[in-house]
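S.K.: You'll find coords_30.txt just under this line, and it carries compact mmCIF, C-alpha atoms.
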# COMPACT_ATOMS: atom_id res chain seq x y z
CA MET I 1 125.28 183.79 -34.81
CA ALA I 2 126.31 184.49 -38.41
CA ALA I 3 128.43 187.54 -39.19
CA ILE I 4 126.24 188.19 -42.25
CA GLN I 5 122.89 186.48 -42.78
CA ILE I 6 121.25 186.96 -46.19
CA THR I 7 117.78 185.49 -46.64
CA ASN I 8 115.84 185.37 -49.93
CA VAL I 9 117.10 188.75 -51.14
CA GLU I 10 115.61 189.96 -54.42
CA LYS I 11 116.35 193.18 -56.27
CA ARG I 12 115.13 194.51 -59.59
CA TYR I 13 116.01 197.58 -61.59
CA GLY I 14 113.07 197.91 -63.93
CA ALA I 15 112.97 194.79 -66.08
CA LEU I 16 116.45 193.71 -64.93
CA ARG I 17 116.54 191.18 -62.13
CA ALA I 18 119.81 191.93 -60.35
CA LEU I 19 119.26 189.41 -57.52
CA GLY I 20 116.87 186.49 -57.69
CA GLY I 21 116.29 185.32 -54.14
CA VAL I 22 119.83 185.00 -52.75
CA SER I 23 120.29 183.23 -49.41
CA LEU I 24 123.69 183.03 -47.79
CA SER I 25 125.19 182.72 -44.32
CA ILE I 26 128.73 183.96 -43.65
CA GLU I 27 130.12 182.85 -40.31
CA GLU I 28 132.17 184.90 -37.87
CA GLY I 29 135.89 184.82 -38.63
CA GLU I 30 135.52 183.55 -42.20
CA PHE I 31 137.53 184.85 -45.14
CA PHE I 32 134.76 184.54 -47.70
CA GLY I 33 134.92 185.01 -51.48
CA LEU I 34 132.01 186.35 -53.51
CA LEU I 35 132.83 185.66 -57.15
CA GLY I 36 131.08 186.08 -60.48
CA PRO I 37 131.34 187.70 -63.91
CA ASN I 38 130.48 191.34 -64.50
CA GLY I 39 126.76 191.89 -63.97
CA ALA I 40 126.35 188.85 -61.73
CA GLY I 41 124.92 190.91 -58.85
CA LYS I 42 127.93 191.08 -56.52
CA THR I 43 128.02 194.86 -56.10
CA THR I 44 124.22 195.01 -55.82
CA LEU I 45 124.36 192.51 -52.96
CA ILE I 46 127.15 194.45 -51.25
CA SER I 47 125.16 197.68 -51.61
CA ILE I 48 122.22 196.03 -49.85
CA ILE I 49 124.48 194.68 -47.09
CA ALA I 50 125.95 198.17 -46.62
CA GLY I 51 122.55 199.87 -46.56
CA LEU I 52 123.25 201.84 -49.76
CA SER I 53 120.38 200.10 -51.51
CA ARG I 54 117.22 198.38 -50.29
CA ALA I 55 116.17 194.91 -51.33
CA ASP I 56 112.74 194.53 -52.92
CA SER I 57 112.22 191.54 -50.65
CA GLY I 58 114.19 189.43 -48.20
CA HIS I 59 116.36 190.35 -45.24
CA VAL I 60 120.02 191.00 -44.41
CA SER I 61 121.50 191.17 -40.91
CA ILE I 62 124.98 191.91 -39.55
CA HIS I 63 125.66 190.03 -36.32
CA GLY I 64 121.90 189.71 -35.86
CA HIS I 65 121.10 193.39 -36.58
CA ASP I 66 118.78 193.99 -39.53
CA VAL I 67 120.41 196.41 -42.00
CA VAL I 68 117.11 198.31 -42.41
CA ALA I 69 115.34 198.13 -39.05
CA GLU I 70 118.57 198.41 -37.01
CA TYR I 71 120.73 200.29 -39.47
CA ARG I 72 122.76 202.21 -36.88
CA GLN I 73 123.94 199.06 -35.11
CA ALA I 74 124.47 197.20 -38.39
CA ARG I 75 126.62 199.92 -39.98
CA LYS I 76 128.84 200.24 -36.91
CA LEU I 77 129.71 196.57 -37.34
CA LEU I 78 130.60 196.91 -41.02
CA GLY I 79 133.47 198.41 -43.01
CA VAL I 80 133.13 198.54 -46.81
CA VAL I 81 135.79 199.28 -49.43
CA PRO I 82 133.90 200.25 -52.62
CA GLN I 83 135.06 199.75 -56.20
CA GLU I 84 134.85 203.44 -57.06
CA LEU I 85 137.47 205.95 -55.95
CA VAL I 86 135.20 208.23 -53.91
CA PHE I 87 136.98 210.94 -51.91
CA ASP I 88 136.70 214.53 -50.71
CA PRO I 89 139.37 216.63 -52.49
CA PHE I 90 139.48 219.31 -49.78
CA PHE I 91 141.06 217.26 -46.96
CA THR I 92 144.36 215.58 -46.22
CA VAL I 93 144.63 211.85 -45.58
CA ARG I 94 144.67 212.29 -41.80
CA GLU I 95 141.75 214.74 -41.87
CA THR I 96 139.78 212.29 -44.02
CA LEU I 97 140.34 209.47 -41.53
CA ARG I 98 139.53 211.68 -38.56
CA MET I 99 136.26 212.72 -40.19
CA GLN I 100 135.44 209.08 -40.90
CA SER I 101 136.08 208.32 -37.22
CA GLY I 102 133.70 211.12 -36.29
CA TYR I 103 130.90 209.50 -38.27
CA PHE I 104 131.09 206.62 -35.81
CA GLY I 105 131.40 208.83 -32.72
CA LEU I 106 135.11 208.17 -32.20
CA LYS I 107 136.71 211.36 -30.90
CA LYS I 108 140.17 210.14 -29.86
CA ASN I 109 141.17 207.65 -32.51
CA ASP I 110 144.56 208.94 -33.64
CA GLN I 111 146.49 205.94 -32.30
CA TRP I 112 144.49 203.50 -34.43
CA ILE I 113 144.56 205.90 -37.40
CA ASP I 114 148.37 205.99 -37.16
CA GLU I 115 148.49 202.19 -37.01
CA VAL I 116 146.24 201.78 -40.03
CA MET I 117 148.26 204.32 -42.03
CA HIS I 118 151.46 202.52 -41.04
CA HIS I 119 150.19 199.12 -42.23
CA LEU I 120 148.96 200.60 -45.52
CA ASP I 121 152.15 202.63 -46.11
CA LEU I 122 150.28 205.92 -45.84
CA THR I 123 152.27 207.49 -43.01
CA ASN I 124 154.37 209.72 -45.29
CA LYS I 125 151.17 210.85 -47.04
CA ALA I 126 149.29 211.75 -43.84
CA ASP I 127 149.35 215.50 -44.49
CA VAL I 128 148.98 215.34 -48.28
CA ASN I 129 145.73 216.53 -49.84
CA MET I 130 143.59 213.71 -51.22
CA ARG I 131 143.44 215.17 -54.73
CA ALA I 132 147.25 215.07 -54.95
CA LEU I 133 147.43 211.30 -54.41
CA SER I 134 147.86 208.69 -57.11
CA GLY I 135 145.02 206.27 -57.83
CA GLY I 136 146.74 203.52 -55.85
CA MET I 137 147.22 205.79 -52.83
CA LYS I 138 143.58 206.90 -52.98
CA ARG I 139 142.56 203.23 -52.87
CA ARG I 140 144.73 202.70 -49.79
CA VAL I 141 142.87 205.57 -48.11
CA LEU I 142 139.53 203.92 -48.97
CA VAL I 143 140.75 200.78 -47.21
CA ALA I 144 141.85 202.84 -44.22
CA GLN I 145 138.45 204.55 -44.07
CA ALA I 146 136.70 201.19 -43.98
CA LEU I 147 138.89 200.05 -41.08
CA VAL I 148 139.02 203.25 -39.05
CA HIS I 149 136.28 202.18 -36.60
CA LYS I 150 137.64 198.61 -36.20
CA PRO I 151 134.59 196.86 -37.68
CA PRO I 152 134.25 193.13 -37.00
CA VAL I 153 133.02 192.62 -40.59
CA ILE I 154 135.03 193.94 -43.55
CA VAL I 155 133.73 193.89 -47.14
CA LEU I 156 136.23 194.46 -49.95
CA ASP I 157 134.66 195.08 -53.37
CA GLU I 158 137.42 194.65 -55.99
CA PRO I 159 140.02 196.30 -53.71
CA THR I 160 143.01 195.53 -55.94
CA ALA I 161 141.48 196.38 -59.32
CA GLY I 162 144.06 198.29 -61.34
CA VAL I 163 146.61 198.65 -58.55
CA ASP I 164 150.26 197.66 -58.37
CA VAL I 165 151.73 194.48 -56.92
CA GLU I 166 153.13 196.33 -53.90
CA LEU I 167 149.69 197.50 -52.80
CA ARG I 168 148.22 194.03 -53.25
CA GLN I 169 150.88 192.48 -51.06
CA THR I 170 150.59 195.23 -48.43
CA LEU I 171 146.80 195.03 -48.36
CA TRP I 172 146.57 191.24 -48.15
CA LYS I 173 149.18 191.03 -45.42
CA PHE I 174 147.24 193.54 -43.31
CA VAL I 175 143.78 192.10 -44.02
CA ALA I 176 144.94 188.52 -43.46
CA GLY I 177 146.27 189.64 -40.07
CA LEU I 178 142.90 191.18 -39.19
CA ASN I 179 141.20 187.96 -40.22
CA ARG I 180 143.50 185.93 -37.94
CA GLU I 181 142.48 188.26 -35.11
CA GLY I 182 138.84 187.31 -35.67
CA HIS I 183 137.54 189.83 -38.22
CA THR I 184 135.19 188.46 -40.86
CA VAL I 185 136.32 189.37 -44.39
CA VAL I 186 134.18 189.24 -47.54
CA LEU I 187 136.06 189.69 -50.81
CA THR I 188 134.91 190.19 -54.38
CA THR I 189 137.64 189.99 -56.99
CA HIS I 190 138.30 189.02 -60.60
CA TYR I 191 141.78 187.85 -59.57
CA LEU I 192 140.84 184.25 -58.82
CA GLU I 193 144.35 183.36 -57.66
CA GLU I 194 143.81 185.87 -54.83
CA ALA I 195 140.51 184.25 -53.90
CA GLN I 196 142.05 180.77 -53.93
CA ALA I 197 144.96 181.86 -51.74
CA LEU I 198 142.91 183.84 -49.23
CA CYS I 199 139.35 182.57 -49.02
CA ASN I 200 138.26 179.62 -46.89
CA ARG I 201 134.87 179.45 -48.60
CA VAL I 202 133.49 180.78 -51.88
CA ALA I 203 130.10 181.59 -53.40
CA MET I 204 129.80 182.06 -57.16
CA LEU I 205 127.02 184.23 -58.59
CA LYS I 206 125.64 184.34 -62.09
CA SER I 207 122.68 186.42 -63.26
CA GLY I 208 121.67 187.20 -59.68
CA ASN I 209 121.72 183.63 -58.39
CA ILE I 210 124.20 181.54 -56.42
CA VAL I 211 125.40 178.73 -58.70
CA ALA I 212 128.13 177.33 -56.41
CA LEU I 213 128.81 177.51 -52.68
CA ASP I 214 131.46 175.46 -50.92
CA SER I 215 134.90 175.52 -49.37
CA THR I 216 137.61 176.60 -51.79
CA ALA I 217 139.32 173.21 -51.54
CA ALA I 218 136.07 171.34 -52.25
CA LEU I 219 135.35 173.48 -55.30
CA VAL I 220 138.82 172.84 -56.72
CA ARG I 221 138.32 169.09 -56.18
CA ARG I 222 135.30 169.26 -58.53
CA ILE I 223 137.80 169.10 -61.38
CA SER I 224 139.73 165.88 -61.08
CA GLY I 225 143.21 165.28 -62.36
CA SER I 226 145.40 167.76 -64.19
CA GLN I 227 145.43 169.83 -67.35
CA LEU I 228 147.95 169.65 -70.18
CA VAL I 229 148.27 173.01 -71.93
CA VAL I 230 149.75 172.62 -75.41
CA ARG I 231 150.65 175.38 -77.85
CA LEU I 232 151.29 174.22 -81.42
CA ALA I 233 153.75 175.97 -83.73
CA GLU I 234 152.59 174.00 -86.78
CA GLY I 235 149.69 171.70 -87.59
CA ALA I 236 146.26 171.17 -86.07
CA LEU I 237 145.08 169.27 -83.03
CA PRO I 238 144.33 165.65 -84.04
CA ASP I 239 140.65 164.64 -84.09
CA GLY I 240 141.35 161.95 -81.50
CA LEU I 241 142.30 164.59 -78.91
CA ARG I 242 139.54 167.12 -79.54
CA SER I 243 137.23 165.49 -76.98
CA LEU I 244 139.81 166.21 -74.24
CA VAL I 245 139.73 169.98 -74.75
CA SER I 246 138.50 171.65 -71.54
CA HIS I 247 137.44 174.92 -73.15
CA PRO I 248 135.52 174.33 -76.42
CA ASP I 249 136.23 177.88 -77.61
CA GLU I 250 139.88 176.92 -77.99
CA LEU I 251 138.99 174.69 -80.95
CA THR I 252 138.22 177.77 -83.04
CA MET I 253 140.43 180.42 -81.44
CA GLY I 254 143.96 179.40 -82.37
CA ASN I 255 146.80 177.06 -81.56
CA LYS I 256 146.58 176.75 -77.76
CA TYR I 257 144.63 173.85 -76.22
CA THR I 258 143.89 172.83 -72.62
CA LEU I 259 143.50 169.05 -72.42
CA ARG I 260 142.03 167.14 -69.48
CA VAL I 261 144.21 164.36 -68.07
CA ASN I 262 143.42 162.21 -65.02
CA ASP I 263 147.04 161.36 -64.21
CA TYR I 264 150.57 161.61 -65.57
CA ALA I 265 150.32 158.24 -67.33
CA GLU I 266 147.93 159.78 -69.88
CA VAL I 267 150.46 162.39 -71.02
CA GLU I 268 152.67 160.06 -73.08
CA PRO I 269 149.79 158.67 -75.22
CA ILE I 270 148.69 162.25 -75.93
CA LEU I 271 152.24 163.16 -77.01
CA GLY I 272 152.32 160.03 -79.16
CA LYS I 273 149.16 161.10 -81.02
CA LEU I 274 150.62 164.57 -81.53
CA ARG I 275 153.83 163.11 -82.98
CA GLU I 276 151.86 160.77 -85.26
CA SER I 277 149.89 163.71 -86.65
CA GLY I 278 153.10 165.57 -87.49
CA VAL I 279 152.38 168.72 -85.47
CA VAL I 280 155.19 170.83 -84.02
CA ILE I 281 154.84 171.69 -80.31
CA GLU I 282 155.89 175.24 -79.43
CA ASP I 283 155.22 175.02 -75.68
CA MET I 284 153.71 172.54 -73.21
CA GLN I 285 152.80 172.79 -69.51
CA LEU I 286 151.15 170.40 -67.08
CA HIS I 287 149.33 171.88 -64.09
CA GLN I 288 146.73 171.01 -61.50
CA ALA I 289 143.23 172.44 -61.72
CA ASP I 290 142.70 175.68 -59.83
CA LEU I 291 139.81 177.95 -58.87
CA GLU I 292 139.88 179.67 -62.27
CA ASP I 293 139.28 176.32 -63.98
CA VAL I 294 136.37 175.63 -61.63
CA PHE I 295 134.96 179.12 -62.24
CA ILE I 296 135.05 178.70 -66.03
CA GLN I 297 133.53 175.21 -65.85
CA ILE I 298 130.69 176.33 -63.57
CA MET I 299 129.92 179.51 -65.54
CA GLU I 300 129.90 177.66 -68.84
CA GLY I 301 127.67 174.98 -67.36
CA GLU I 302 125.12 177.46 -65.97
CA LYS I 303 123.29 178.84 -68.98
How does this structure look as structure tokens?
M.R.:
Amino acid sequence: MAAIQITNVEKRYGALRALGGVSLSIEEGEFFGLLGPNGAGKTTLISIIAGLSRADSGHVSIHGHDVVAEYRQARKLLGVVPQELVFDPFFTVRETLRMQSGYFGLKKNDQWIDEVMHHLDLTNKADVNMRALSGGMKRRVLVAQALVHKPPVIVLDEPTAGVDVELRQTLWKFVAGLNREGHTVVLTTHYLEEAQALCNRVAMLKSGNIVALDSTAALVRRISGSQLVVRLAEGALPDGLRSLVSHPDELTMGNKYTLRVNDYAEVEPILGKLRESGVVIEDMQLHQADLEDVFIQIMEGEK
């Protein structure tokens, strides 16, 4: 049985089609990435999964429980960390987490609350009022709220947006541990290096449709070879190399160019053409393709 089963989900807001018949199956124990540019439909889909919004058509189930017809069972199985910093300013951190536990009928949950606060470095803030916390600390509390009832499925919607490196490392260490214990994790993020490091499988959305769905490794293999990134201090890229530019916008944006190369043997001929044209190289790097390269290629190819 899938942890999350999404079948032909459509959603419109007036004339805007936010989701255009999305179907997706996320298996138990996966660390799954849901990626896409702003406005792709990621948050709309998460809102439907969480029961905050209803699809115009289609179905979503959590461990076999329909999010509409069996909403009580479905919501007990799900923990969601939203993008927005939503909090009650009248309670301390511990009171907030105890109240969240109460929503799920958990009366004696202090041991788990203490453990969650420990892993998210919130212990010394337990008795601090929510409105007195920094933005990063508030986001840690949102994560704790999502985990307070030990849900088997965790959805993280841009959890590290605008937060410091320390929180990112703390959060990913904790969430990765939960995933190893069997929890299913769904992540949306604009930090594609995070998605590549953490996610076993990735779906990419654009304009409300899935345009790529595969394992992270398989998606990265879509781009063969390496990329030579060259920054020129003087001169222009020779005409003979312009066809190798991975990102066409670079031809009009300045002096930095990303050139496709299939293997290291192709680097020397490229350098030879640069020398012949008389350009001066300011900086040069050779690196393997990554998920960001795949993302850009797929998004530019899906008009």
S.K.: Counting only C-alpha atoms, what is within 9 Å of stretch 49-62 of chain I, bar same-chain residues fewer than 6 positions away, as a VMD selection string?
M.R.: chain I and resid 2 to 12 19 21 to 23 68 70 to 71 73 to 75 77 to 80 153 155
S.K.: Can you tell me which residues surround stretch 196-200 of chain I at a distance of at most 12 Å, considering only C-alpha atoms, apart from same-chain residues fewer than 4 positions away, and format the answer as a ChimeraX atom specification?
M.R.: /I:26-27,29-35,169,171-173,175-177,179-180,184-192,213-220,289-295
S.K.: Which of these residues is nearest to I:Phe104, using all atoms listed in the file: I:Val148, I:Met284, I:Ser207, I:Glu193?
M.R.: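 The answer is I:Val148, which sits nearest to I:Phe104.
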S.K.: Compile the contact shell of I:Leu133 as a VMD selection string: residues with an atom at most 10 Å away, counting all atoms listed in the file, same-chain residues fewer than 6 positions apart removed.
M.R.: chain I and resid 89 92 to 93 125 139 141
S.K.: Would you mind reading off the distance between atom CA of I:Gln288 and atom CA of I:Ala161, one decimal, in Å?
M.R.: 26.0 Å
